Amino acid sequence: MPISRKRALTIAGTVSFFGLLLASCTAETDAVGEPADGVTVVATTTQMGSLATQITHCAGGATQVLMSPSDDPHQFEASSAQMVDMIEADLVVANGLGLESAMQRSIDNAVVDGAEVVELAPELDPLPISADEQHEHGDDSHDHGEHGHEHGTHDAHVWMDVSRMADGAELLGEEIAAATGDETYVSCGTEVAEELRDVDAEIADIMAGLGSPRLVTDHAAYNYFADRYGVEVSGVVVPGGSTDAEPSSQDLAELSELLSEQGADALVTSKANKNRLVTALADEANGTVPVVELYENAVGEPGSDAETYQDAMLYNAKSMADAIN
């Protein structure tokens, strides 16, 4: 199935603010020796950026990633300079499904100024969000001018299933080839996908050795991981699929009671953006439930041995196994 694209033509005769910035940015890029005709891809998240970087490196192009490993994709906002980078790129790769909610208006504005954007998550057989999760998240529909977006019906956290991201690598290679006319990107996307399928099999083997572990997670980011690798998410600290909500005192009391009466194999939080409430729940459980810090919102910092998507996901599986065994 062909991936959906968002295109728009810049209105003829209109010199926008971003057009002026683009001219300035282009001149600066040429001055430092970047080839003017080189293929450039801009990715929003670090996970999508890792895939795009591997594919473009294979084929001789380059990828810029807007978010850093310390950024929360739910709350990240693009700068004016980054909007220029999106407009200038051959292709912009976004996660979609409302993940980049804080920067969605910037993405839409870049499209109006000529950026070509692809959203991978909607093409990777996304899981529906349950009625309870939709209610907890609230009405997250936004109207961005001529580009309407409905969020809240499907889970955006597709990168937590490596097999889906393998499909995404193939699609991304095809999309870069379509945008640039260079079929090398198709074979490079296939090459990255094959590596991802090997990693997926390794993770599946690791998790199979744990039975069906029960997790309490900091937010609802683990539905894909549970669906693919056989874990059970028995509780979630922050309601909904985002990190910007707040649990009620009743929610926390129920989670504390769940841990007291039923226990859990691990409490899970993000390495980059630790949730203090997870630590508080662990304290209430008197240290009987281990806290595992994982790469859930981003890949690792340079030098962390988890700076690629593959390494980050393998780290997650191995860390769960070490904590639970």
# chains A, B, ... in the order shown; residues from 1 in each chain; ligands from 1
>>> select_by_dssp(residues="segment 89-277 of chain A", states="strand (DSSP E or B)", output="PyMOL selection string")
chain A and resi 91-94+117-119+128+142-144+147-149+154+214-219+232-238+266-270
>>> residues_around(residues="Thr56 of chain A", least_positions_apart="4", cutoff="12 Å", atoms="only C-alpha atoms", output="PDB file with C-alpha atoms, in the first residue's frame")
ATOM      1  CA  GLY A  38      23.039  16.071  -2.122  1.00  0.00           C
ATOM      2  CA  VAL A  39      20.037  14.092  -0.867  1.00  0.00           C
ATOM      3  CA  THR A  40      18.901  15.327   2.529  1.00  0.00           C
ATOM      4  CA  VAL A  41      16.266  13.797   4.769  1.00  0.00           C
ATOM      5  CA  VAL A  42      14.919  15.385   7.947  1.00  0.00           C
ATOM      6  CA  ALA A  43      13.427  13.107  10.611  1.00  0.00           C
ATOM      7  CA  GLY A  49      16.028   9.391  12.499  1.00  0.00           C
ATOM      8  CA  SER A  50      18.098   6.296  13.234  1.00  0.00           C
ATOM      9  CA  LEU A  51      16.387   4.349  10.448  1.00  0.00           C
ATOM     10  CA  ALA A  52      16.660   7.241   8.006  1.00  0.00           C
ATOM     11  CA  GLY A  60      25.254   8.376  -0.004  1.00  0.00           C
ATOM     12  CA  GLY A  61      22.738  10.878   1.383  1.00  0.00           C
ATOM     13  CA  ALA A  62      22.422  12.546   4.767  1.00  0.00           C
ATOM     14  CA  THR A  63      19.822  12.739   7.524  1.00  0.00           C
ATOM     15  CA  GLN A  64      19.183  15.467  10.071  1.00  0.00           C
ATOM     16  CA  ASP A  90      14.110  16.242  -0.095  1.00  0.00           C
ATOM     17  CA  LEU A  91      11.858  14.428   2.374  1.00  0.00           C
ATOM     18  CA  ALA A 169      12.551   0.758   6.814  1.00  0.00           C
ATOM     19  CA  LEU A 172      11.123   4.598   3.912  1.00  0.00           C
ATOM     20  CA  GLY A 173      13.646   3.377   1.348  1.00  0.00           C
ATOM     21  CA  GLU A 174      10.897   3.387  -1.278  1.00  0.00           C
ATOM     22  CA  GLU A 175       9.765   6.871  -0.296  1.00  0.00           C
ATOM     23  CA  ILE A 176      13.258   8.383  -0.446  1.00  0.00           C
ATOM     24  CA  ALA A 177      13.755   6.731  -3.842  1.00  0.00           C
ATOM     25  CA  THR A 180      14.904  11.612  -5.308  1.00  0.00           C
ATOM     26  CA  ASP A 182      17.570   7.186  -6.863  1.00  0.00           C
ATOM     27  CA  GLU A 183      16.592   3.506  -6.638  1.00  0.00           C
ATOM     28  CA  THR A 184      19.634   2.792  -4.453  1.00  0.00           C
ATOM     29  CA  TYR A 185      17.494   3.846  -1.500  1.00  0.00           C
ATOM     30  CA  VAL A 186      15.138   0.914  -2.109  1.00  0.00           C
ATOM     31  CA  SER A 187      17.901  -1.668  -1.702  1.00  0.00           C
ATOM     32  CA  CYS A 188      19.321   0.218   1.274  1.00  0.00           C
ATOM     33  CA  GLY A 189      15.906   0.215   2.952  1.00  0.00           C
ATOM     34  CA  GLU A 191      19.157  -4.003   3.877  1.00  0.00           C
ATOM     35  CA  VAL A 192      18.240  -2.101   7.044  1.00  0.00           C
TER      36      VAL A 192
END
>>> closest_residue(among="A:Gln104, A:Gly211, A:Val278, A:Met160", to="Ala312 of chain A", atoms="only C-alpha atoms")
A:Met160
>>> select_by_dssp(residues="segment 68-308 of chain A", states="helix (DSSP H, G or I)", output="ChimeraX atom specification")
/A:80-88,101-112,121-123,131-137,158-160,162-180,184-208,223-229,249-261,276-284
>>> closest_residue(among="A:Ala306, A:Met83, A:Ala317, A:Ala59", to="Val292 of chain A", atoms="only C-alpha atoms")
A:Ala317
>>> atom_distance(atom1="atom CA of Asp167 of chain A", atom2="atom CA of His57 of chain A")
18.6 Å
>>> residues_around(residues="Ile107 of chain A", least_positions_apart="4", cutoff="9 Å", atoms="only C-alpha atoms", output="ChimeraX atom specification")
/A:78,83,86,94,103,111-112,115,117
>>> write_last_selection(atoms="all heavy atoms", output="mmCIF file, in the first residue's frame")
data_model
loop_
_atom_site.group_PDB
_atom_site.id
_atom_site.type_symbol
_atom_site.label_atom_id
_atom_site.label_comp_id
_atom_site.auth_asym_id
_atom_site.auth_seq_id
_atom_site.Cartn_x
_atom_site.Cartn_y
_atom_site.Cartn_z
ATOM 1 N N ALA A 78 9.405 22.551 17.338
ATOM 2 C CA ALA A 78 10.449 22.867 16.360
ATOM 3 C C ALA A 78 10.775 24.353 16.369
ATOM 4 O O ALA A 78 9.906 25.201 16.552
ATOM 5 C CB ALA A 78 10.007 22.440 14.966
ATOM 6 N N MET A 83 12.287 24.493 10.971
ATOM 7 C CA MET A 83 11.255 24.557 9.942
ATOM 8 C C MET A 83 11.880 24.795 8.575
ATOM 9 O O MET A 83 11.463 24.202 7.569
ATOM 10 C CB MET A 83 10.253 25.662 10.267
ATOM 11 C CG MET A 83 9.296 25.299 11.400
ATOM 12 S SD MET A 83 7.935 26.473 11.527
ATOM 13 C CE MET A 83 7.100 26.240 9.961
ATOM 14 N N MET A 86 13.198 21.587 7.287
ATOM 15 C CA MET A 86 12.153 20.724 6.739
ATOM 16 C C MET A 86 11.776 21.153 5.328
ATOM 17 O O MET A 86 11.582 20.323 4.444
ATOM 18 C CB MET A 86 10.928 20.737 7.656
ATOM 19 C CG MET A 86 11.119 19.972 8.957
ATOM 20 S SD MET A 86 9.566 19.721 9.882
ATOM 21 C CE MET A 86 9.362 21.325 10.662
ATOM 22 N N ALA A 94 8.189 11.758 9.527
ATOM 23 C CA ALA A 94 7.568 11.929 10.839
ATOM 24 C C ALA A 94 6.994 10.604 11.312
ATOM 25 O O ALA A 94 6.723 9.705 10.517
ATOM 26 C CB ALA A 94 6.463 12.987 10.767
ATOM 27 N N MET A 103 4.563 19.882 17.907
ATOM 28 C CA MET A 103 5.167 20.495 16.721
ATOM 29 C C MET A 103 4.318 20.285 15.477
ATOM 30 O O MET A 103 4.759 20.595 14.366
ATOM 31 C CB MET A 103 6.586 19.953 16.495
ATOM 32 C CG MET A 103 6.675 18.502 16.090
ATOM 33 S SD MET A 103 8.365 17.999 15.597
ATOM 34 C CE MET A 103 8.628 18.942 14.094
ATOM 35 N N VAL A 111 4.757 22.236 5.362
ATOM 36 C CA VAL A 111 4.110 21.670 4.176
ATOM 37 C C VAL A 111 3.576 22.793 3.289
ATOM 38 O O VAL A 111 3.724 22.768 2.066
ATOM 39 C CB VAL A 111 2.980 20.706 4.578
ATOM 40 C CG1 VAL A 111 2.115 20.336 3.382
ATOM 41 C CG2 VAL A 111 3.562 19.441 5.217
ATOM 42 N N VAL A 112 2.939 23.786 3.900
ATOM 43 C CA VAL A 112 2.408 24.909 3.126
ATOM 44 C C VAL A 112 3.531 25.617 2.364
ATOM 45 O O VAL A 112 3.325 26.116 1.258
ATOM 46 C CB VAL A 112 1.669 25.894 4.053
ATOM 47 C CG1 VAL A 112 1.318 27.184 3.326
ATOM 48 C CG2 VAL A 112 0.408 25.239 4.609
ATOM 49 N N ALA A 115 7.344 21.754 1.903
ATOM 50 C CA ALA A 115 7.964 20.526 2.404
ATOM 51 C C ALA A 115 7.140 19.303 2.011
ATOM 52 O O ALA A 115 5.908 19.360 1.955
ATOM 53 C CB ALA A 115 8.107 20.582 3.925
ATOM 54 N N VAL A 117 6.245 15.638 3.309
ATOM 55 C CA VAL A 117 6.267 14.915 4.583
ATOM 56 C C VAL A 117 5.635 13.545 4.415
ATOM 57 O O VAL A 117 4.573 13.412 3.798
ATOM 58 C CB VAL A 117 5.501 15.698 5.675
ATOM 59 C CG1 VAL A 117 5.494 14.926 6.998
ATOM 60 C CG2 VAL A 117 6.123 17.082 5.873
#
>>> atom_distance(atom1="atom CA of Glu123 of chain A", atom2="atom CA of Thr53 of chain A")
19.8 Å
>>> closest_residue(among="A:Leu314, A:Pro290, A:Ser106, A:Gln47", to="Ala201 of chain A", atoms="only C-alpha atoms")
A:Leu314
>>> residues_around(residues="Asp311 of chain A", least_positions_apart="5", cutoff="10 Å", atoms="only C-alpha atoms", output="VMD selection string")
chain A and resid 199 295 299 to 300 304 to 306 316
>>> write_last_selection(atoms="N, CA and C atoms", output="mmCIF file, in the first residue's frame")
data_model
loop_
_atom_site.group_PDB
_atom_site.id
_atom_site.type_symbol
_atom_site.label_atom_id
_atom_site.label_comp_id
_atom_site.auth_asym_id
_atom_site.auth_seq_id
_atom_site.Cartn_x
_atom_site.Cartn_y
_atom_site.Cartn_z
ATOM 1 N N VAL A 199 17.205 -8.407 14.660
ATOM 2 C CA VAL A 199 17.099 -7.860 16.015
ATOM 3 C C VAL A 199 15.760 -8.222 16.644
ATOM 4 N N TYR A 295 14.949 2.926 27.129
ATOM 5 C CA TYR A 295 14.895 3.895 26.038
ATOM 6 C C TYR A 295 13.521 3.772 25.386
ATOM 7 N N VAL A 299 16.297 7.089 21.310
ATOM 8 C CA VAL A 299 17.491 6.249 21.384
ATOM 9 C C VAL A 299 18.462 6.892 22.368
ATOM 10 N N GLY A 300 19.604 6.257 22.572
ATOM 11 C CA GLY A 300 20.541 6.742 23.569
ATOM 12 C C GLY A 300 21.419 7.876 23.079
ATOM 13 N N SER A 304 26.555 5.941 24.447
ATOM 14 C CA SER A 304 25.757 5.160 25.400
ATOM 15 C C SER A 304 25.663 3.693 25.025
ATOM 16 N N ASP A 305 26.177 3.296 23.876
ATOM 17 C CA ASP A 305 26.009 1.953 23.320
ATOM 18 C C ASP A 305 24.552 1.667 22.978
ATOM 19 N N ALA A 306 23.731 2.711 22.898
ATOM 20 C CA ALA A 306 22.330 2.556 22.498
ATOM 21 C C ALA A 306 21.934 3.684 21.562
ATOM 22 N N ASN A 316 16.746 -2.475 25.871
ATOM 23 C CA ASN A 316 15.487 -2.561 26.611
ATOM 24 C C ASN A 316 15.164 -4.007 26.979
#
>>> closest_residue(among="A:Leu255, A:Gly287, A:Ala298, A:Val236", to="Val268 of chain A", atoms="only C-alpha atoms")
A:Val236
>>> residues_around(residues="Gly235 of chain A", least_positions_apart="5", cutoff="10 Å", atoms="only C-alpha atoms", output="PyMOL selection string")
chain A and resi 214-220+251+254-256+258-259+264+267
>>> closest_residue(among="A:Glu194, A:Asp283, A:Glu261, A:Asp108", to="Ile87 of chain A", atoms="only C-alpha atoms")
A:Asp108
>>> closest_residue(among="A:Glu195, A:Glu232, A:Glu293, A:Asp200", to="Asp161 of chain A", atoms="only C-alpha atoms")
A:Asp200
>>> atom_distance(atom1="atom CA of Pro69 of chain A", atom2="atom CA of Thr46 of chain A")
6.6 Å
